[in-house]
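Visitor: Below is the file work11.csv, which contains CSV, C-alpha atoms.
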chain,number,residue,atom,x,y,z
A,20,MET,CA,-67.6,-25.6,-26.8
A,21,LYS,CA,-67.6,-23.7,-23.5
A,22,LYS,CA,-67.4,-27.1,-21.6
A,23,LEU,CA,-64.4,-28.1,-23.7
A,24,PHE,CA,-62.7,-24.8,-23.1
A,25,LEU,CA,-63.3,-25.2,-19.4
A,26,LEU,CA,-62.0,-28.7,-19.3
A,27,LEU,CA,-58.8,-27.7,-21.2
A,28,THR,CA,-58.3,-24.8,-18.8
A,29,VAL,CA,-58.6,-27.0,-15.8
A,30,PHE,CA,-56.3,-29.5,-17.3
A,31,ALA,CA,-53.7,-26.9,-18.1
A,32,ILE,CA,-53.8,-25.5,-14.5
A,33,SER,CA,-53.7,-28.9,-12.9
A,34,THR,CA,-50.7,-29.8,-15.1
A,35,VAL,CA,-48.8,-26.7,-14.0
A,36,VAL,CA,-49.7,-27.3,-10.3
A,37,HIS,CA,-48.6,-30.9,-10.6
A,38,ALA,CA,-45.3,-29.9,-12.2
A,39,GLN,CA,-44.7,-27.4,-9.4
A,40,SER,CA,-45.6,-29.8,-6.6
A,41,THR,CA,-43.2,-32.5,-8.0
A,42,PHE,CA,-40.3,-30.1,-8.6
A,43,PRO,CA,-37.6,-31.1,-9.3
A,44,ASN,CA,-38.0,-34.3,-11.2
A,45,LYS,CA,-35.2,-33.8,-13.8
A,46,PRO,CA,-31.7,-32.3,-13.9
A,47,ILE,CA,-31.3,-28.5,-13.3
A,48,THR,CA,-28.9,-26.5,-15.5
A,49,LEU,CA,-27.0,-23.7,-13.7
A,50,VAL,CA,-25.6,-21.3,-16.3
A,51,VAL,CA,-22.4,-19.4,-15.6
A,52,PRO,CA,-22.1,-16.6,-18.1
A,53,TYR,CA,-18.3,-16.5,-17.6
A,54,PRO,CA,-15.4,-18.9,-18.4
A,55,VAL,CA,-14.3,-21.7,-16.2
A,56,GLY,CA,-12.1,-20.8,-13.2
A,57,GLY,CA,-13.4,-17.4,-12.1
A,58,SER,CA,-15.3,-16.8,-8.8
A,59,ASN,CA,-18.7,-17.1,-10.5
A,60,ASP,CA,-17.7,-20.6,-11.7
A,61,VAL,CA,-16.2,-21.6,-8.4
A,62,PHE,CA,-19.2,-20.6,-6.4
A,63,ALA,CA,-21.6,-22.1,-8.9
A,64,ARG,CA,-19.9,-25.5,-8.7
A,65,LEU,CA,-19.9,-25.4,-5.0
A,66,ILE,CA,-23.6,-24.7,-4.8
A,67,ALA,CA,-24.5,-27.0,-7.7
A,68,LYS,CA,-22.9,-30.0,-5.9
A,69,ASN,CA,-24.7,-29.4,-2.6
A,70,LEU,CA,-28.0,-28.3,-4.1
A,71,GLY,CA,-28.1,-31.5,-6.2
A,72,GLU,CA,-27.5,-33.6,-3.1
A,73,ALA,CA,-30.3,-31.8,-1.3
A,74,LEU,CA,-32.8,-32.0,-4.1
A,75,LYS,CA,-31.8,-35.5,-5.2
A,76,VAL,CA,-31.3,-34.4,-8.9
A,77,SER,CA,-28.3,-33.5,-10.9
A,78,VAL,CA,-27.5,-29.8,-11.0
A,79,VAL,CA,-25.2,-29.3,-14.1
A,80,VAL,CA,-23.0,-26.2,-14.4
A,81,ASP,CA,-23.0,-24.9,-18.0
A,82,ASN,CA,-20.4,-22.2,-18.8
A,83,ARG,CA,-21.7,-19.8,-21.5
A,84,PRO,CA,-19.2,-16.9,-21.6
A,85,GLY,CA,-19.4,-13.9,-24.0
A,86,ALA,CA,-20.1,-10.2,-24.1
A,87,SER,CA,-19.1,-9.5,-20.5
A,88,GLY,CA,-21.6,-12.1,-19.2
A,89,SER,CA,-24.5,-10.9,-21.4
A,90,THR,CA,-24.6,-13.9,-23.7
A,91,GLY,CA,-25.4,-16.5,-21.0
A,92,THR,CA,-27.6,-14.1,-19.1
A,93,ILE,CA,-29.8,-13.4,-22.1
A,94,GLN,CA,-30.1,-17.1,-22.9
A,95,VAL,CA,-31.4,-17.8,-19.3
A,96,SER,CA,-33.8,-14.8,-19.5
A,97,LYS,CA,-35.4,-16.5,-22.6
A,98,SER,CA,-35.7,-19.9,-21.0
A,99,ALA,CA,-38.9,-21.5,-19.6
A,100,PRO,CA,-39.5,-20.1,-16.1
A,101,ASP,CA,-39.9,-23.6,-14.6
A,102,GLY,CA,-36.9,-23.7,-12.3
A,103,TYR,CA,-34.8,-26.0,-14.5
A,104,THR,CA,-32.6,-23.3,-16.0
A,105,LEU,CA,-30.9,-21.0,-13.5
A,106,LEU,CA,-28.2,-18.3,-13.6
A,107,ALA,CA,-25.1,-17.8,-11.4
A,108,VAL,CA,-24.0,-14.1,-11.4
A,109,SER,CA,-22.0,-11.6,-9.5
A,110,SER,CA,-22.5,-7.9,-8.9
A,111,SER,CA,-20.4,-7.2,-12.0
A,112,MET,CA,-23.7,-7.6,-13.8
A,113,THR,CA,-25.0,-4.5,-12.2
A,114,THR,CA,-22.0,-2.4,-13.1
A,115,ASN,CA,-22.2,-3.7,-16.7
A,116,VAL,CA,-25.8,-2.7,-16.9
A,117,ALA,CA,-25.1,0.7,-15.5
A,118,ILE,CA,-23.0,1.8,-18.5
A,119,GLN,CA,-25.0,0.0,-21.2
A,120,THR,CA,-26.9,2.4,-23.5
A,121,LYS,CA,-28.9,-0.4,-25.1
A,122,SER,CA,-29.8,-3.8,-23.7
A,123,SER,CA,-32.0,-6.6,-25.2
A,124,PHE,CA,-33.5,-7.3,-21.7
A,125,ASP,CA,-34.1,-5.6,-18.4
A,126,PRO,CA,-32.2,-7.4,-15.6
A,127,VAL,CA,-34.8,-6.4,-13.0
A,128,THR,CA,-38.0,-7.3,-14.9
A,129,GLY,CA,-36.4,-9.9,-17.2
A,130,LEU,CA,-35.0,-12.2,-14.4
A,131,THR,CA,-36.2,-13.6,-11.0
A,132,ALA,CA,-34.1,-13.1,-7.9
A,133,ILE,CA,-33.8,-16.5,-6.1
A,134,ALA,CA,-30.9,-16.4,-3.6
A,135,MET,CA,-27.9,-14.4,-2.7
A,136,LEU,CA,-24.8,-16.5,-2.0
A,137,ALA,CA,-22.0,-14.4,-0.7
A,138,LYS,CA,-20.4,-11.0,-0.6
A,139,GLY,CA,-16.7,-9.9,-0.4
A,140,PRO,CA,-14.9,-6.6,-0.1
A,141,PHE,CA,-12.0,-5.3,-2.2
A,142,ILE,CA,-8.5,-4.8,-0.9
A,143,VAL,CA,-6.9,-1.4,-1.3
A,144,ALA,CA,-3.4,-2.2,-2.5
A,145,VAL,CA,-0.6,0.1,-3.5
A,146,ASN,CA,2.9,-0.1,-5.0
A,147,ASN,CA,5.6,-0.7,-2.4
A,148,ASP,CA,7.1,2.8,-3.2
A,149,PHE,CA,3.8,4.6,-2.6
A,150,PRO,CA,4.1,6.5,0.7
A,151,ALA,CA,0.6,6.0,2.1
A,152,LYS,CA,0.3,3.3,4.8
A,153,ASN,CA,-3.4,3.5,5.6
A,154,PRO,CA,-6.7,4.9,4.1
A,155,ALA,CA,-6.2,8.3,5.9
A,156,GLU,CA,-2.8,8.8,4.4
A,157,LEU,CA,-4.1,7.7,1.0
A,158,ILE,CA,-6.9,10.3,0.9
A,159,ALA,CA,-4.6,13.0,2.2
A,160,LEU,CA,-2.0,12.2,-0.5
A,161,LEU,CA,-4.6,12.2,-3.2
A,162,LYS,CA,-6.1,15.5,-2.0
A,163,ALA,CA,-2.7,17.2,-1.9
A,164,ASN,CA,-1.7,15.8,-5.4
A,165,PRO,CA,-4.7,15.8,-7.7
A,166,GLY,CA,-4.0,13.9,-10.9
A,167,LYS,CA,-0.4,13.0,-9.9
A,168,PHE,CA,-1.1,9.3,-9.2
A,169,ASN,CA,-2.6,6.6,-11.4
A,170,TYR,CA,-5.0,3.8,-10.4
A,171,ALA,CA,-5.3,0.5,-12.3
A,172,SER,CA,-8.4,-1.5,-13.2
A,173,SER,CA,-9.2,-4.7,-15.0
A,174,GLY,CA,-11.0,-2.7,-17.7
A,175,THR,CA,-13.3,0.2,-18.4
A,176,GLY,CA,-16.6,-0.3,-16.6
A,177,SER,CA,-15.1,-2.9,-14.4
A,178,SER,CA,-15.9,-3.3,-10.7
A,179,ASN,CA,-12.4,-2.0,-9.9
A,180,GLN,CA,-13.1,1.2,-11.7
A,181,PHE,CA,-16.5,1.7,-10.1
A,182,ALA,CA,-15.1,1.0,-6.6
A,183,THR,CA,-12.3,3.6,-7.1
A,184,GLU,CA,-14.4,6.2,-8.8
A,185,LEU,CA,-16.9,5.9,-5.9
A,186,LEU,CA,-14.0,6.5,-3.5
A,187,LYS,CA,-12.9,9.5,-5.6
A,188,ALA,CA,-16.4,10.9,-5.7
A,189,MET,CA,-17.0,10.6,-2.0
A,190,SER,CA,-13.6,12.0,-1.0
A,191,GLY,CA,-13.4,14.8,-3.5
A,192,THR,CA,-10.1,13.5,-4.9
A,193,PHE,CA,-8.7,12.7,-8.3
A,194,ALA,CA,-6.4,10.0,-9.7
A,195,VAL,CA,-5.9,9.0,-13.3
A,196,HIS,CA,-7.6,5.8,-14.5
A,197,ILE,CA,-5.4,3.3,-16.3
A,198,PRO,CA,-7.6,0.4,-17.6
A,199,TYR,CA,-6.0,-3.0,-18.4
A,200,ARG,CA,-7.4,-6.1,-20.1
A,201,GLY,CA,-7.7,-8.2,-17.0
A,202,MET,CA,-6.4,-8.4,-13.5
A,203,GLY,CA,-3.1,-10.0,-14.5
A,204,PRO,CA,-1.6,-7.1,-16.4
A,205,ALA,CA,-3.2,-4.6,-13.9
A,206,THR,CA,-1.4,-6.3,-11.0
A,207,THR,CA,1.9,-6.6,-12.9
A,208,ASP,CA,2.0,-2.9,-13.6
A,209,LEU,CA,1.1,-2.1,-10.0
A,210,ILE,CA,4.1,-4.2,-8.9
A,211,GLY,CA,6.3,-2.5,-11.5
A,212,GLY,CA,5.2,1.0,-10.4
A,213,GLN,CA,3.5,2.1,-13.6
A,214,THR,CA,0.4,2.6,-11.5
A,215,GLN,CA,0.2,3.3,-7.7
A,216,ILE,CA,-3.2,2.1,-6.6
A,217,LEU,CA,-5.4,-0.9,-7.3
A,218,LEU,CA,-8.7,-2.0,-5.6
A,219,ALA,CA,-9.5,-5.6,-6.2
A,220,SER,CA,-10.7,-8.8,-4.5
A,221,GLY,CA,-8.7,-10.6,-1.8
A,222,PRO,CA,-7.9,-13.7,-3.9
A,223,SER,CA,-6.6,-11.4,-6.6
A,224,LEU,CA,-4.3,-9.4,-4.4
A,225,LEU,CA,-3.5,-11.1,-1.1
A,226,PRO,CA,-1.0,-13.6,-2.5
A,227,GLN,CA,1.0,-10.7,-3.9
A,228,VAL,CA,0.7,-8.9,-0.6
A,229,ARG,CA,1.9,-11.9,1.4
A,230,ASN,CA,5.0,-12.3,-0.8
A,231,GLY,CA,5.8,-8.6,-0.3
A,232,ARG,CA,5.4,-7.5,-3.9
A,233,ILE,CA,2.6,-5.0,-3.1
A,234,ARG,CA,1.2,-3.5,0.1
A,235,ALA,CA,-2.4,-3.7,1.4
A,236,ILE,CA,-3.5,-0.5,3.2
A,237,GLY,CA,-7.3,-0.8,3.6
A,238,ILE,CA,-10.5,-2.6,2.8
A,239,THR,CA,-13.7,-1.5,1.2
A,240,SER,CA,-16.2,-3.2,3.5
A,241,LEU,CA,-18.1,-0.8,5.8
A,242,ASN,CA,-16.7,-2.6,8.9
A,243,PRO,CA,-13.6,-4.8,9.4
A,244,SER,CA,-13.8,-8.0,7.4
A,245,PRO,CA,-12.8,-11.6,8.3
A,246,ILE,CA,-11.3,-11.7,4.8
A,247,ALA,CA,-8.4,-9.6,6.2
A,248,PRO,CA,-9.3,-8.5,9.7
A,249,GLU,CA,-6.0,-6.5,10.1
A,250,LEU,CA,-7.0,-4.0,7.4
A,251,ILE,CA,-8.7,-0.7,8.2
A,252,PRO,CA,-12.0,0.1,6.4
A,253,VAL,CA,-11.9,3.1,4.0
A,254,SER,CA,-15.2,4.1,5.7
A,255,THR,CA,-13.2,5.2,8.8
A,256,VAL,CA,-12.0,8.1,6.6
A,257,ILE,CA,-14.9,8.4,4.1
A,258,PRO,CA,-18.0,7.8,6.2
A,259,GLY,CA,-20.5,5.6,4.4
A,260,TYR,CA,-18.1,4.4,1.8
A,261,GLU,CA,-18.7,0.7,1.0
A,262,PHE,CA,-18.0,-1.5,-2.0
A,263,GLU,CA,-18.5,-5.3,-1.8
A,264,LEU,CA,-18.9,-7.8,-4.6
A,265,TRP,CA,-21.8,-10.2,-4.3
A,266,TRP,CA,-22.7,-13.5,-6.0
A,267,GLY,CA,-26.2,-14.9,-6.4
A,268,ILE,CA,-28.6,-17.1,-8.3
A,269,LEU,CA,-31.3,-15.8,-10.6
A,270,GLY,CA,-33.8,-17.4,-13.0
A,271,PRO,CA,-36.1,-16.4,-15.9
A,272,ALA,CA,-38.9,-13.9,-15.1
A,273,GLY,CA,-42.2,-15.4,-14.1
A,274,MET,CA,-41.0,-18.3,-12.0
A,275,PRO,CA,-43.6,-19.8,-9.7
A,276,THR,CA,-43.2,-18.4,-6.1
A,277,ASP,CA,-43.2,-21.9,-4.5
A,278,ILE,CA,-40.3,-23.0,-6.7
A,279,VAL,CA,-38.4,-19.8,-6.0
A,280,ASN,CA,-39.0,-20.2,-2.2
A,281,LEU,CA,-38.0,-23.9,-2.3
A,282,LEU,CA,-34.7,-23.1,-4.1
A,283,ASN,CA,-34.1,-20.2,-1.7
A,284,ARG,CA,-34.6,-22.4,1.4
A,285,GLU,CA,-32.3,-25.1,0.2
A,286,ILE,CA,-29.6,-22.7,-0.8
A,287,ASN,CA,-29.8,-20.9,2.5
A,288,LYS,CA,-29.4,-24.2,4.3
A,289,ILE,CA,-26.3,-24.9,2.3
A,290,LEU,CA,-24.9,-21.5,3.2
A,291,ALA,CA,-25.4,-22.2,6.9
A,292,SER,CA,-23.0,-25.1,6.8
A,293,PRO,CA,-19.7,-24.3,8.6
A,294,GLU,CA,-17.8,-26.2,5.8
A,295,ILE,CA,-19.4,-24.0,3.1
A,296,LYS,CA,-18.7,-20.8,5.1
A,297,ALA,CA,-15.1,-21.8,5.5
A,298,THR,CA,-14.7,-22.5,1.8
A,299,LEU,CA,-16.3,-19.2,0.8
A,300,LEU,CA,-14.0,-17.4,3.2
A,301,ARG,CA,-10.9,-18.9,1.6
A,302,GLU,CA,-12.2,-17.5,-1.7
A,303,GLY,CA,-12.5,-14.0,-0.2
A,304,ALA,CA,-16.2,-14.0,0.5
A,305,GLU,CA,-18.7,-14.4,3.4
A,306,ALA,CA,-21.9,-16.5,3.1
A,307,SER,CA,-24.7,-13.9,2.9
A,308,PRO,CA,-28.2,-15.5,2.6
A,309,GLU,CA,-31.1,-13.3,1.7
A,310,SER,CA,-34.8,-13.8,0.9
A,311,PRO,CA,-35.8,-13.5,-2.8
A,312,ALA,CA,-37.4,-10.1,-2.0
A,313,GLN,CA,-34.2,-8.8,-0.3
A,314,PHE,CA,-32.0,-10.0,-3.2
A,315,ALA,CA,-34.4,-8.4,-5.8
A,316,ASN,CA,-34.1,-5.1,-3.9
A,317,ARG,CA,-30.3,-5.3,-3.8
A,318,LEU,CA,-30.2,-6.0,-7.5
A,319,SER,CA,-32.4,-3.0,-8.5
A,320,GLY,CA,-30.8,-0.7,-5.9
A,321,ASP,CA,-27.3,-1.5,-7.1
A,322,ILE,CA,-28.1,-0.8,-10.7
A,323,ALA,CA,-29.6,2.6,-9.7
A,324,ARG,CA,-26.6,3.4,-7.5
A,325,TRP,CA,-24.0,2.5,-10.2
A,326,ARG,CA,-25.9,4.4,-12.9
A,327,SER,CA,-25.7,7.5,-10.7
A,328,VAL,CA,-21.9,7.0,-10.1
A,329,ALA,CA,-21.4,6.3,-13.9
A,330,LYS,CA,-23.1,9.6,-14.7
A,331,ARG,CA,-21.3,11.6,-12.1
A,332,GLN,CA,-17.8,10.2,-12.9
A,333,ASN,CA,-18.3,9.9,-16.6
A,334,ILE,CA,-17.9,6.1,-16.8
A,335,THR,CA,-18.9,4.9,-20.2
A,336,ALA,CA,-18.7,1.6,-22.1
A,337,GLU,CA,-15.7,1.1,-24.4
For the structure just supplied, provide its representation as structure tokens.
Guide:
Amino acid sequence: MKKLFLLLTVFAISTVVHAQSTFPNKPITLVVPYPVGGSNDVFARLIAKNLGEALKVSVVVDNRPGASGSTGTIQVSKSAPDGYTLLAVSSSMTTNVAIQTKSSFDPVTGLTAIAMLAKGPFIVAVNNDFPAKNPAELIALLKANPGKFNYASSGTGSSNQFATELLKAMSGTFAVHIPYRGMGPATTDLIGGQTQILLASGPSLLPQVRNGRIRAIGITSLNPSPIAPELIPVSTVIPGYEFELWWGILGPAGMPTDIVNLLNREINKILASPEIKATLLREGAEASPESPAQFANRLSGDIARWRSVAKRQNITAE
């Protein structure tokens, strides 16, 4: 009996080792927990195409939207940790988690960090009639007029809200939050003057800036960004202020280290391509490769940071 058990154990181990050593030998599914067309989807398809070519297997993008990204994320967390089911996410996952009182999984222990793809700052935009022309004038105006001005966001608990509430907290200012259902109506009301301030991604706002419908007065990266190098960082007025979206690839918890490292290496090679860098830049992001450990630290650190901001600024789920 002992001999049989030993044989079965050896067979099971050798099967796992063989599976890992031949990875990948079938198509990989890259789940995007958001609808087609958004930045998560665009970046996932860009990586999927190039990763498939590098690994010589199909990498199929599967959009599974629902519950602010939770539906697809939970499905991946319950998948086999064999590297054949992956997840494309953005930092909005960390702000969502920060305001959830209950969750069916822990995003840190329930997922494996594989590779960071890119990061991109927000543009600080204002209505054309708003007097501030740069971050210093914005902060001075908000300090002199607490509660007089409104800022828009794409919804309660959104990255827009967190970026602006962090600015308020670090500058000791106050503006009224007006949440909208998406960037479209938020931008429309900024143009119309119902709100005065909106922090959002370059692709969301720069087209409206270029056609003169709104003004860009700053950027939320710590240093000047190639996304819009002419814009002054808010950090020049609020030392240490920084808000950047990021995008990355995760997998189920318990993935073999060699598969994680293989995927990380191949993705980082893709990100080093001048063509890929240029494509990401056009989408308002910079290629930002990290090791799995660095990406895992970023994930857990961001969740802790946004939970602290949510508590301080009273940001709660709808």
Visitor: Just the residues within 12 Å of region 240-255 of chain A, please, counting all atoms listed in the file, with nothing from its chain fewer than 2 positions along; format it as JSON, numbers by chain.
Guide: {"A": [138, 139, 140, 141, 142, 143, 144, 152, 153, 154, 155, 156, 157, 158, 182, 183, 185, 186, 187, 189, 190, 218, 220, 221, 222, 224, 225, 228, 229, 234, 235, 236, 237, 238, 257, 258, 259, 260, 261, 262, 263, 264, 265, 296, 297, 298, 299, 300, 301, 302, 303, 304, 305, 306]}
Visitor: How about saving the chosen residues, C-alpha atoms kept, as a PDB file, in the coordinates of the input?
Guide:
ATOM      1  CA  LYS A 138     -20.400 -11.000  -0.600  1.00  0.00           C
ATOM      2  CA  GLY A 139     -16.700  -9.900  -0.400  1.00  0.00           C
ATOM      3  CA  PRO A 140     -14.900  -6.600  -0.100  1.00  0.00           C
ATOM      4  CA  PHE A 141     -12.000  -5.300  -2.200  1.00  0.00           C
ATOM      5  CA  ILE A 142      -8.500  -4.800  -0.900  1.00  0.00           C
ATOM      6  CA  VAL A 143      -6.900  -1.400  -1.300  1.00  0.00           C
ATOM      7  CA  ALA A 144      -3.400  -2.200  -2.500  1.00  0.00           C
ATOM      8  CA  LYS A 152       0.300   3.300   4.800  1.00  0.00           C
ATOM      9  CA  ASN A 153      -3.400   3.500   5.600  1.00  0.00           C
ATOM     10  CA  PRO A 154      -6.700   4.900   4.100  1.00  0.00           C
ATOM     11  CA  ALA A 155      -6.200   8.300   5.900  1.00  0.00           C
ATOM     12  CA  GLU A 156      -2.800   8.800   4.400  1.00  0.00           C
ATOM     13  CA  LEU A 157      -4.100   7.700   1.000  1.00  0.00           C
ATOM     14  CA  ILE A 158      -6.900  10.300   0.900  1.00  0.00           C
ATOM     15  CA  ALA A 182     -15.100   1.000  -6.600  1.00  0.00           C
ATOM     16  CA  THR A 183     -12.300   3.600  -7.100  1.00  0.00           C
ATOM     17  CA  LEU A 185     -16.900   5.900  -5.900  1.00  0.00           C
ATOM     18  CA  LEU A 186     -14.000   6.500  -3.500  1.00  0.00           C
ATOM     19  CA  LYS A 187     -12.900   9.500  -5.600  1.00  0.00           C
ATOM     20  CA  MET A 189     -17.000  10.600  -2.000  1.00  0.00           C
ATOM     21  CA  SER A 190     -13.600  12.000  -1.000  1.00  0.00           C
ATOM     22  CA  LEU A 218      -8.700  -2.000  -5.600  1.00  0.00           C
ATOM     23  CA  SER A 220     -10.700  -8.800  -4.500  1.00  0.00           C
ATOM     24  CA  GLY A 221      -8.700 -10.600  -1.800  1.00  0.00           C
ATOM     25  CA  PRO A 222      -7.900 -13.700  -3.900  1.00  0.00           C
ATOM     26  CA  LEU A 224      -4.300  -9.400  -4.400  1.00  0.00           C
ATOM     27  CA  LEU A 225      -3.500 -11.100  -1.100  1.00  0.00           C
ATOM     28  CA  VAL A 228       0.700  -8.900  -0.600  1.00  0.00           C
ATOM     29  CA  ARG A 229       1.900 -11.900   1.400  1.00  0.00           C
ATOM     30  CA  ARG A 234       1.200  -3.500   0.100  1.00  0.00           C
ATOM     31  CA  ALA A 235      -2.400  -3.700   1.400  1.00  0.00           C
ATOM     32  CA  ILE A 236      -3.500  -0.500   3.200  1.00  0.00           C
ATOM     33  CA  GLY A 237      -7.300  -0.800   3.600  1.00  0.00           C
ATOM     34  CA  ILE A 238     -10.500  -2.600   2.800  1.00  0.00           C
ATOM     35  CA  ILE A 257     -14.900   8.400   4.100  1.00  0.00           C
ATOM     36  CA  PRO A 258     -18.000   7.800   6.200  1.00  0.00           C
ATOM     37  CA  GLY A 259     -20.500   5.600   4.400  1.00  0.00           C
ATOM     38  CA  TYR A 260     -18.100   4.400   1.800  1.00  0.00           C
ATOM     39  CA  GLU A 261     -18.700   0.700   1.000  1.00  0.00           C
ATOM     40  CA  PHE A 262     -18.000  -1.500  -2.000  1.00  0.00           C
ATOM     41  CA  GLU A 263     -18.500  -5.300  -1.800  1.00  0.00           C
ATOM     42  CA  LEU A 264     -18.900  -7.800  -4.600  1.00  0.00           C
ATOM     43  CA  TRP A 265     -21.800 -10.200  -4.300  1.00  0.00           C
ATOM     44  CA  LYS A 296     -18.700 -20.800   5.100  1.00  0.00           C
ATOM     45  CA  ALA A 297     -15.100 -21.800   5.500  1.00  0.00           C
ATOM     46  CA  THR A 298     -14.700 -22.500   1.800  1.00  0.00           C
ATOM     47  CA  LEU A 299     -16.300 -19.200   0.800  1.00  0.00           C
ATOM     48  CA  LEU A 300     -14.000 -17.400   3.200  1.00  0.00           C
ATOM     49  CA  ARG A 301     -10.900 -18.900   1.600  1.00  0.00           C
ATOM     50  CA  GLU A 302     -12.200 -17.500  -1.700  1.00  0.00           C
ATOM     51  CA  GLY A 303     -12.500 -14.000  -0.200  1.00  0.00           C
ATOM     52  CA  ALA A 304     -16.200 -14.000   0.500  1.00  0.00           C
ATOM     53  CA  GLU A 305     -18.700 -14.400   3.400  1.00  0.00           C
ATOM     54  CA  ALA A 306     -21.900 -16.500   3.100  1.00  0.00           C
TER      55      ALA A 306
END
Visitor: Return the single residue from A:Ser109, A:Val95, A:Val76, A:Tyr103 that is closest to Val61 (chain A), with distances computed using all atoms listed in the file.
Guide: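 Looking at the shortest contact to Val61 (chain A), the residue is A:Ser109.
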Visitor: May I have the residues within 12 Å of Ile334 (chain A) as number ranges by chain, using all atoms listed in the file and disregarding those fewer than 3 positions away in the same chain?
Guide: A: 114-120, 174-185, 196, 198, 325-331, 337
Visitor: Residues at most 7 Å from Ala171 (chain A), counting only C-alpha atoms, excluding those fewer than 4 positions away in the same chain, as a PyMOL selection string?
Guide: chain A and resi 196-198+205+214+216-217
Visitor: Convert the current residue selection to file output with C-alpha atoms, as a short mmCIF file (atom, residue, chain, number, x, y, z; two decimals), in the frame of the given file.
Guide:
data_model
loop_
_atom_site.label_atom_id
_atom_site.label_comp_id
_atom_site.auth_asym_id
_atom_site.auth_seq_id
_atom_site.Cartn_x
_atom_site.Cartn_y
_atom_site.Cartn_z
CA HIS A 196 -7.60 5.80 -14.50
CA ILE A 197 -5.40 3.30 -16.30
CA PRO A 198 -7.60 0.40 -17.60
CA ALA A 205 -3.20 -4.60 -13.90
CA THR A 214 0.40 2.60 -11.50
CA ILE A 216 -3.20 2.10 -6.60
CA LEU A 217 -5.40 -0.90 -7.30
#
Visitor: Need the shell around region 269-285 of chain A: protein/DNA/RNA residues with any atom at most 9 Å away, counting only C-alpha atoms. Skip same-chain ones fewer than 3 positions apart. Format as an MDAnalysis selection string?
Guide: chainID A and resid 39:40 42:43 70 73:74 95:108 127:135 288:290 308:311
Visitor: Using C-alpha atoms, can you write the selected residues to a file as an mmCIF file, in the frame of the given file?
Guide:
data_model
loop_
_atom_site.group_PDB
_atom_site.id
_atom_site.type_symbol
_atom_site.label_atom_id
_atom_site.label_comp_id
_atom_site.auth_asym_id
_atom_site.auth_seq_id
_atom_site.Cartn_x
_atom_site.Cartn_y
_atom_site.Cartn_z
ATOM 1 C CA GLN A 39 -44.700 -27.400 -9.400
ATOM 2 C CA SER A 40 -45.600 -29.800 -6.600
ATOM 3 C CA PHE A 42 -40.300 -30.100 -8.600
ATOM 4 C CA PRO A 43 -37.600 -31.100 -9.300
ATOM 5 C CA LEU A 70 -28.000 -28.300 -4.100
ATOM 6 C CA ALA A 73 -30.300 -31.800 -1.300
ATOM 7 C CA LEU A 74 -32.800 -32.000 -4.100
ATOM 8 C CA VAL A 95 -31.400 -17.800 -19.300
ATOM 9 C CA SER A 96 -33.800 -14.800 -19.500
ATOM 10 C CA LYS A 97 -35.400 -16.500 -22.600
ATOM 11 C CA SER A 98 -35.700 -19.900 -21.000
ATOM 12 C CA ALA A 99 -38.900 -21.500 -19.600
ATOM 13 C CA PRO A 100 -39.500 -20.100 -16.100
ATOM 14 C CA ASP A 101 -39.900 -23.600 -14.600
ATOM 15 C CA GLY A 102 -36.900 -23.700 -12.300
ATOM 16 C CA TYR A 103 -34.800 -26.000 -14.500
ATOM 17 C CA THR A 104 -32.600 -23.300 -16.000
ATOM 18 C CA LEU A 105 -30.900 -21.000 -13.500
ATOM 19 C CA LEU A 106 -28.200 -18.300 -13.600
ATOM 20 C CA ALA A 107 -25.100 -17.800 -11.400
ATOM 21 C CA VAL A 108 -24.000 -14.100 -11.400
ATOM 22 C CA VAL A 127 -34.800 -6.400 -13.000
ATOM 23 C CA THR A 128 -38.000 -7.300 -14.900
ATOM 24 C CA GLY A 129 -36.400 -9.900 -17.200
ATOM 25 C CA LEU A 130 -35.000 -12.200 -14.400
ATOM 26 C CA THR A 131 -36.200 -13.600 -11.000
ATOM 27 C CA ALA A 132 -34.100 -13.100 -7.900
ATOM 28 C CA ILE A 133 -33.800 -16.500 -6.100
ATOM 29 C CA ALA A 134 -30.900 -16.400 -3.600
ATOM 30 C CA MET A 135 -27.900 -14.400 -2.700
ATOM 31 C CA LYS A 288 -29.400 -24.200 4.300
ATOM 32 C CA ILE A 289 -26.300 -24.900 2.300
ATOM 33 C CA LEU A 290 -24.900 -21.500 3.200
ATOM 34 C CA PRO A 308 -28.200 -15.500 2.600
ATOM 35 C CA GLU A 309 -31.100 -13.300 1.700
ATOM 36 C CA SER A 310 -34.800 -13.800 0.900
ATOM 37 C CA PRO A 311 -35.800 -13.500 -2.800
#
Visitor: State, in Å with one decimal place, the distance from CA of Ala323 (chain A) to CA of Thr239 (chain A).
Guide: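 Calculated distance between CA of Ala323 (chain A) and CA of Thr239 (chain A) is 19.7 Å.
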Visitor: Between A:Ala86, A:Ala159, A:Leu209, A:Ala137, single out the one closest to Val256 (chain A), counting all atoms listed in the file.
Guide: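 Nearest candidate to Val256 (chain A) out of A:Ala86, A:Ala159, A:Leu209, A:Ala137: A:Ala159.
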Visitor: Quick one: of A:Tyr53, A:Phe193, A:Phe62, A:Trp266, who's nearest to Asn169 (chain A), counting all atoms listed in the file?
Guide: A:Phe193
Visitor: Tell me which of A:Ser77, A:Gln227, A:Ser307, A:Thr113 sits closest to Val145 (chain A), counting all atoms listed in the file.
Guide: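 So, comparing all the options, the nearest one is A:Gln227.
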Visitor: With only C-alpha atoms as the counted atoms, please give the residues lying no more than 8 Å from Val78 (chain A), apart from itself and same-chain residues fewer than 6 positions off, as a list of chain:residue names.
Guide: A:Pro46, A:Ile47, A:Thr48, A:Leu49, A:Ala67, A:Lys68, A:Leu70, A:Gly71
Visitor: Using all atoms listed in the file, list the residues that have an atom at most 9 Å from (-21.0, -22.5, -15.2), coordinates as in the file, as a list of chain:residue names.
Guide: A:Thr48, A:Leu49, A:Val50, A:Val51, A:Pro52, A:Tyr53, A:Pro54, A:Val55, A:Asn59, A:Asp60, A:Val61, A:Ala63, A:Arg64, A:Val79, A:Val80, A:Asp81, A:Asn82, A:Arg83, A:Pro84, A:Leu106, A:Ala107
